[in-house]
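Heads up, data.txt below (compact mmCIF, C-alpha atoms and all ligand atoms):
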```txt
# COMPACT_ATOMS: atom_id res chain seq x y z
CA MET A 1 -24.84 -30.24 3.77
CA ALA A 2 -24.01 -29.05 7.30
CA THR A 3 -20.29 -28.91 6.47
CA GLU A 4 -21.01 -26.99 3.24
CA LEU A 5 -23.08 -24.47 5.19
CA LYS A 6 -20.31 -24.14 7.79
CA LEU A 7 -17.73 -23.59 5.06
CA TYR A 8 -19.97 -21.03 3.34
CA ARG A 9 -20.49 -19.14 6.60
CA SER A 10 -16.80 -19.16 7.45
CA SER A 11 -15.97 -17.89 3.95
CA ILE A 12 -18.46 -15.01 4.39
CA GLY A 13 -16.78 -14.24 7.72
CA LYS A 14 -13.33 -14.20 6.10
CA LYS A 15 -14.56 -11.96 3.27
CA ALA A 16 -15.93 -9.52 5.86
CA LEU A 17 -12.58 -9.62 7.67
CA MET A 18 -10.76 -8.93 4.42
CA ALA A 19 -13.06 -5.99 3.69
CA ALA A 20 -12.62 -4.49 7.19
CA THR A 21 -8.84 -4.92 7.28
CA GLY A 22 -8.59 -3.80 3.63
CA LEU A 23 -10.38 -0.59 4.60
CA VAL A 24 -7.89 0.08 7.44
CA LEU A 25 -4.94 -0.50 5.06
CA PHE A 26 -6.55 1.65 2.37
CA LEU A 27 -7.05 4.55 4.82
CA PHE A 28 -3.39 4.27 5.82
CA ILE A 29 -2.31 4.32 2.15
CA VAL A 30 -4.31 7.53 1.55
CA ALA A 31 -3.05 9.21 4.74
CA HIS A 32 0.57 8.15 4.02
CA LEU A 33 0.29 9.55 0.49
CA LEU A 34 -1.02 12.91 1.76
CA GLY A 35 1.85 13.10 4.27
CA ASN A 36 4.47 12.17 1.66
CA LEU A 37 3.18 14.78 -0.80
CA LEU A 38 4.58 17.36 1.65
CA VAL A 39 7.90 16.68 -0.09
CA PHE A 40 6.64 19.20 -2.69
CA ALA A 41 6.26 21.81 0.07
CA GLY A 42 9.97 21.53 0.94
CA PRO A 43 12.20 20.11 3.69
CA ASP A 44 10.77 22.10 6.61
CA SER A 45 7.20 20.94 5.97
CA LEU A 46 8.04 17.26 5.47
CA ASN A 47 10.49 17.07 8.39
CA ALA A 48 8.11 18.92 10.74
CA TYR A 49 5.32 16.51 9.77
CA ALA A 50 7.57 13.48 10.40
CA LYS A 51 8.56 14.93 13.79
CA LYS A 52 4.91 15.51 14.76
CA LEU A 53 4.15 11.88 13.94
CA ARG A 54 7.08 10.64 16.04
CA ASP A 55 6.06 12.91 18.92
CA LEU A 56 2.72 11.09 19.09
CA GLY A 57 4.62 8.40 21.01
CA ALA A 58 2.22 5.80 22.40
CA VAL A 59 -0.55 6.78 19.94
CA LEU A 60 1.85 6.15 17.04
CA TRP A 61 2.69 2.72 18.44
CA LEU A 62 -1.00 1.90 18.81
CA ALA A 63 -1.56 2.90 15.17
CA ARG A 64 1.46 0.80 14.08
CA ILE A 65 0.22 -2.26 15.99
CA SER A 66 -3.30 -1.87 14.53
CA LEU A 67 -1.86 -1.53 11.04
CA LEU A 68 0.37 -4.57 11.41
CA SER A 69 -2.54 -6.63 12.82
CA ALA A 70 -4.76 -5.54 9.91
CA LEU A 71 -2.04 -6.58 7.44
CA VAL A 72 -1.52 -10.00 9.06
CA ILE A 73 -5.29 -10.72 9.25
CA HIS A 74 -5.77 -9.54 5.65
CA ILE A 75 -3.08 -11.92 4.35
CA TRP A 76 -4.24 -14.81 6.59
CA ALA A 77 -7.86 -14.52 5.38
CA ALA A 78 -6.73 -14.26 1.73
CA VAL A 79 -4.57 -17.39 1.97
CA LYS A 80 -7.32 -19.34 3.82
CA LEU A 81 -9.98 -18.33 1.29
CA THR A 82 -7.76 -19.32 -1.64
CA ILE A 83 -7.06 -22.75 -0.09
CA GLU A 84 -10.76 -23.30 0.71
CA ASN A 85 -11.80 -22.29 -2.83
CA ARG A 86 -9.28 -24.72 -4.35
CA ARG A 87 -10.49 -27.52 -2.05
CA ALA A 88 -14.11 -26.84 -2.95
CA ARG A 89 -13.20 -26.92 -6.66
CA PRO A 90 -10.26 -29.36 -6.97
CA VAL A 91 -10.53 -29.51 -10.77
CA ARG A 92 -9.74 -26.10 -12.17
CA TYR A 93 -12.03 -24.60 -14.80
CA ALA A 94 -11.22 -26.25 -18.12
CA TYR A 95 -11.96 -23.15 -20.13
CA LYS A 96 -11.01 -20.05 -18.21
CA ALA A 97 -12.03 -17.53 -20.86
CA THR A 98 -15.72 -18.18 -20.18
CA ILE A 99 -15.44 -16.79 -16.65
CA GLU A 100 -15.94 -13.06 -16.54
CA THR A 101 -13.15 -11.67 -14.37
CA THR A 102 -10.66 -8.88 -14.74
CA TYR A 103 -6.87 -9.17 -14.87
CA ALA A 104 -6.70 -7.46 -11.46
CA ALA A 105 -9.12 -10.00 -9.93
CA ARG A 106 -7.21 -12.99 -11.27
CA THR A 107 -3.87 -11.73 -9.99
CA MET A 108 -4.91 -10.55 -6.49
CA MET A 109 -2.79 -13.14 -4.67
CA ILE A 110 0.40 -12.45 -6.62
CA SER A 111 0.02 -8.63 -6.65
CA GLY A 112 -0.75 -8.76 -2.91
CA LEU A 113 2.33 -10.87 -2.13
CA ILE A 114 4.60 -8.61 -4.21
CA VAL A 115 3.22 -5.51 -2.44
CA PHE A 116 3.89 -7.30 0.88
CA ALA A 117 7.51 -7.96 -0.20
CA TYR A 118 7.75 -4.29 -1.20
CA ILE A 119 6.53 -3.20 2.27
CA ILE A 120 9.31 -5.25 3.89
CA TYR A 121 11.90 -3.64 1.58
CA HIS A 122 10.36 -0.20 2.21
CA LEU A 123 10.62 -0.59 6.00
CA LEU A 124 14.25 -1.73 5.71
CA HIS A 125 14.88 1.27 3.45
CA PHE A 126 13.20 4.21 5.24
CA THR A 127 12.24 3.03 8.74
CA PHE A 128 15.21 0.84 9.73
CA ARG A 129 17.51 2.51 7.13
CA VAL A 130 19.70 -0.53 6.50
CA THR A 131 19.58 -0.85 2.70
CA ASN A 132 21.27 2.44 1.84
CA PRO A 133 24.22 3.55 4.04
CA ARG A 134 24.13 7.07 2.48
CA ILE A 135 20.85 7.84 4.23
CA SER A 136 21.34 6.02 7.52
CA HIS A 137 22.00 9.01 9.82
CA MET A 138 20.62 12.25 8.41
CA THR A 139 19.62 15.24 10.54
CA ASP A 140 18.50 18.72 9.43
CA ALA A 141 19.67 22.15 10.72
CA MET A 142 17.29 21.81 13.72
CA GLY A 143 18.79 18.46 14.63
CA HIS A 144 15.63 16.58 13.57
CA HIS A 145 15.59 13.41 11.53
CA ASP A 146 15.99 14.68 7.91
CA VAL A 147 13.30 12.66 6.13
CA TYR A 148 13.31 15.09 3.17
CA SER A 149 17.00 14.56 2.27
CA MET A 150 16.66 10.83 2.89
CA VAL A 151 13.78 10.61 0.38
CA VAL A 152 15.43 12.92 -2.19
CA LEU A 153 18.81 11.15 -2.09
CA SER A 154 17.10 7.77 -2.42
CA PHE A 155 15.03 8.55 -5.49
CA GLN A 156 17.97 10.12 -7.32
CA ASN A 157 18.89 6.48 -7.87
CA LEU A 158 17.24 5.07 -11.00
CA TRP A 159 16.92 1.52 -9.59
CA ILE A 160 15.25 2.63 -6.36
CA THR A 161 12.82 4.81 -8.33
CA PHE A 162 12.13 1.93 -10.74
CA THR A 163 11.47 -0.52 -7.84
CA TYR A 164 9.09 1.90 -6.13
CA VAL A 165 7.14 2.80 -9.28
CA LEU A 166 6.77 -0.87 -10.18
CA ALA A 167 5.51 -1.65 -6.66
CA MET A 168 3.09 1.32 -6.85
CA ALA A 169 1.76 0.00 -10.18
CA LEU A 170 1.10 -3.41 -8.59
CA LEU A 171 -0.47 -1.73 -5.57
CA CYS A 172 -2.73 0.18 -7.95
CA ILE A 173 -3.79 -3.05 -9.74
CA HIS A 174 -4.40 -4.70 -6.33
CA LEU A 175 -6.46 -1.75 -5.11
CA SER A 176 -8.53 -1.47 -8.28
CA HIS A 177 -10.05 -4.89 -7.54
CA GLY A 178 -9.72 -4.70 -3.75
CA ILE A 179 -11.79 -1.52 -3.41
CA SER A 180 -14.65 -2.87 -5.53
CA SER A 181 -14.56 -6.23 -3.66
CA MET A 182 -14.72 -4.34 -0.38
CA PHE A 183 -17.90 -2.50 -1.44
CA GLN A 184 -19.45 -5.73 -2.69
CA SER A 185 -18.70 -7.44 0.64
CA LEU A 186 -20.40 -4.50 2.34
CA GLY A 187 -23.56 -5.28 0.38
CA PHE A 188 -23.33 -2.98 -2.66
CA ASN A 189 -23.58 -5.91 -5.02
CA ASN A 190 -26.59 -5.49 -7.27
CA GLU A 191 -26.28 -5.43 -11.05
CA LYS A 192 -26.70 -1.68 -11.24
CA SER A 193 -24.14 -0.69 -8.62
CA ILE A 194 -21.30 -3.10 -9.57
CA PRO A 195 -20.16 -1.34 -12.83
CA MET A 196 -20.31 2.03 -11.08
CA ILE A 197 -18.28 0.72 -8.09
CA GLN A 198 -15.71 -0.84 -10.42
CA LYS A 199 -15.27 2.46 -12.23
CA VAL A 200 -14.87 4.44 -8.98
CA ALA A 201 -12.38 1.81 -7.70
CA ARG A 202 -10.26 2.03 -10.87
CA ILE A 203 -10.19 5.82 -10.82
CA THR A 204 -9.30 5.88 -7.09
CA ALA A 205 -6.48 3.36 -7.62
CA LEU A 206 -5.15 5.39 -10.56
CA ILE A 207 -5.15 8.63 -8.52
CA ILE A 208 -3.25 6.85 -5.72
CA PHE A 209 -0.71 5.52 -8.24
CA LEU A 210 -0.18 8.95 -9.83
CA GLY A 211 0.16 10.57 -6.41
CA TYR A 212 2.79 8.12 -5.16
CA ALA A 213 4.67 7.84 -8.49
CA SER A 214 4.89 11.64 -8.76
CA ILE A 215 7.34 11.65 -5.81
CA PRO A 216 10.15 9.42 -7.16
CA PHE A 217 9.70 10.77 -10.71
CA SER A 218 9.89 14.43 -9.62
CA ILE A 219 13.08 13.64 -7.71
CA LEU A 220 14.66 11.55 -10.48
CA PHE A 221 14.09 14.38 -12.99
CA ARG A 222 15.45 16.92 -10.42
CA TRP A 223 12.21 18.92 -10.14
CA VAL A 224 12.53 18.28 -6.39
CA ARG A 225 16.10 18.68 -5.08
CA LEU A 226 18.19 18.91 -1.91
CA PRO A 227 17.83 22.34 -0.22
CA GLY A 228 20.22 24.95 -1.64
CA GLY A 229 22.28 22.29 -3.37
CA VAL A 230 23.06 21.69 -7.00
CA LEU A 231 21.97 18.06 -6.75
C1 LIG B 301 6.70 7.21 -3.09
C2 LIG B 301 6.25 6.36 -2.21
C3 LIG B 301 6.55 6.37 -0.75
C4 LIG B 301 7.38 7.20 -0.02
C5 LIG B 301 8.21 8.37 -0.49
C6 LIG B 301 7.30 6.74 1.36
C7 LIG B 301 8.01 7.31 2.40
C8 LIG B 301 8.10 6.80 3.68
C9 LIG B 301 9.00 7.28 4.72
C10 LIG B 301 9.95 8.46 4.56
C11 LIG B 301 8.80 6.51 5.82
C12 LIG B 301 9.55 6.61 7.18
C13 LIG B 301 9.00 7.75 7.99
C14 LIG B 301 9.84 8.01 9.22
O1 LIG B 301 10.58 7.13 9.67
O2 LIG B 301 9.70 9.11 9.76
C15 LIG B 301 7.78 5.54 5.49
C16 LIG B 301 7.29 4.58 6.35
C17 LIG B 301 6.32 3.66 6.02
N1 LIG B 301 5.72 3.49 4.78
FE1 LIG B 301 6.07 4.59 3.13
N2 LIG B 301 6.43 5.69 1.45
C18 LIG B 301 5.95 5.42 0.18
C19 LIG B 301 5.06 4.44 -0.17
C20 LIG B 301 4.46 3.55 0.70
C21 LIG B 301 3.44 2.60 0.37
C22 LIG B 301 2.82 2.44 -0.99
C23 LIG B 301 3.15 1.90 1.52
C24 LIG B 301 2.17 0.78 1.75
C25 LIG B 301 1.68 0.01 0.84
C26 LIG B 301 4.00 2.42 2.55
C27 LIG B 301 4.02 1.96 3.85
C28 LIG B 301 4.82 2.45 4.86
C29 LIG B 301 4.82 1.93 6.23
C30 LIG B 301 3.96 0.78 6.76
C31 LIG B 301 5.76 2.69 6.95
C32 LIG B 301 6.13 2.56 8.43
C33 LIG B 301 5.32 3.57 9.19
C34 LIG B 301 5.78 3.72 10.63
O3 LIG B 301 6.88 3.30 10.97
O4 LIG B 301 5.02 4.26 11.42
N3 LIG B 301 4.77 3.42 2.05
N4 LIG B 301 7.38 5.72 4.18
```
Starting from the file, give its structure as structure tokens.
Amino acid sequence: MATELKLYRSSIGKKALMAATGLVLFLFIVAHLLGNLLVFAGPDSLNAYAKKLRDLGAVLWLARISLLSALVIHIWAAVKLTIENRRARPVRYAYKATIETTYAARTMMISGLIVFAYIIYHLLHFTFRVTNPRISHMTDAMGHHDVYSMVVLSFQNLWITFTYVLAMALLCIHLSHGISSMFQSLGFNNEKSIPMIQKVARITALIIFLGYASIPFSILFRWVRLPGGVL
């Protein structure tokens, strides 16, 4: 009994950790989307924004370290909880259809791991700039890092656009369950509030997907182009 209680308490603790770190990651995703949407305002706006971020220096590094810690804790707690749940229920449910869960809820681990793999690719692509030699050293007329041209040249490639949109779709599925789980861990878990929270979570995830996907699609279809160029 004592071990069961200990396990239960530690699983509540891990769920709270997942909710708190999930919130940090979610806030980053929203802020990053708002920053990236500046691509529609043109090269000067996006490049000036990127420069301002870089100029933050130590504050930027603090934010990066916090974000990375949140990501590591989020994944660690998810893996631990999954292992503990399997140990507590070694025989899987014989008839899964009787359990009321959504597709997003059942695939949280796999969608999460694919989004994690995407983040690694994304960092290699835009932060370390090693996956695409065409964009490795780009500067604008002011001599600043030309984030705008780097993004536009990248998404003119069908495969890069396809990879990003697919990853955004999985992120959206992950968030649609993650956001509602977060609210439930925070205590909004009565019968009345759950359907409402699930609806808000789905709509929020869809808006985030549309916002992010609008960038590669607008570039692929040449609605957003290189400055003054025919491309
Ligand atoms: C259309 C979608 C996206 C675009 C165009 C985009 C664009 C960028 C660019 C240009 C950078 C490098 C900024 C610089 O070096 O100045 C960057 C960094 C980053 N992006 Fe994205 N991003 C997208 C989606 C995402 C998503 C969905 C996530 C997370 C799930 C994400 C996470 C990150 C992280 C963690 C960094 C590193 C931030 C840093 O170094 O401070 N991005 N992104």
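For the pair atom C16 of ligand LIG 301 (chain B) and CA of Ser176 (chain A), the interatomic distance is 22.4 Å.
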Write out as JSON an axis-aligned box for ligand LIG 301 (chain B): all of its atoms listed in the file, 3 Å added on each side, centre and edge lengths in Å with one decimal.
```
{"center_x": 6.1, "center_y": 4.6, "center_z": 4.2, "size_x": 14.9, "size_y": 15.1, "size_z": 20.5}
```
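When the distance limit is 12 Å and all atoms listed in the file are what count, the residues near Ser69 (chain A), minus those fewer than 5 positions from it on the same chain, are A:Leu17, A:Met18, A:Ala20, A:Thr21, A:Gly22, A:Val24, A:Leu25, A:Leu62, A:Ala63, A:Arg64, A:His74, A:Ile75, A:Trp76.
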What is the atom C20 of ligand LIG 301 (chain B)-CA of Phe28 (chain A) distance in Å, reported with one decimal?
9.4 Å
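Inspection of the environment of ligand LIG 301 (chain B), which uses only C-alpha atoms and all ligand atoms and a cut-off of 6 Å, identifies the neighbouring residues as Ile29, Asn36, Ala50, Arg64, Ile119, Leu123, Phe126, Thr127, Val147, Met168, Tyr212, Ala213, Ile215 and Pro216 of chain A.
For the pair CA of Ser149 (chain A) and CA of Gly42 (chain A), the interatomic distance is 10.0 Å.
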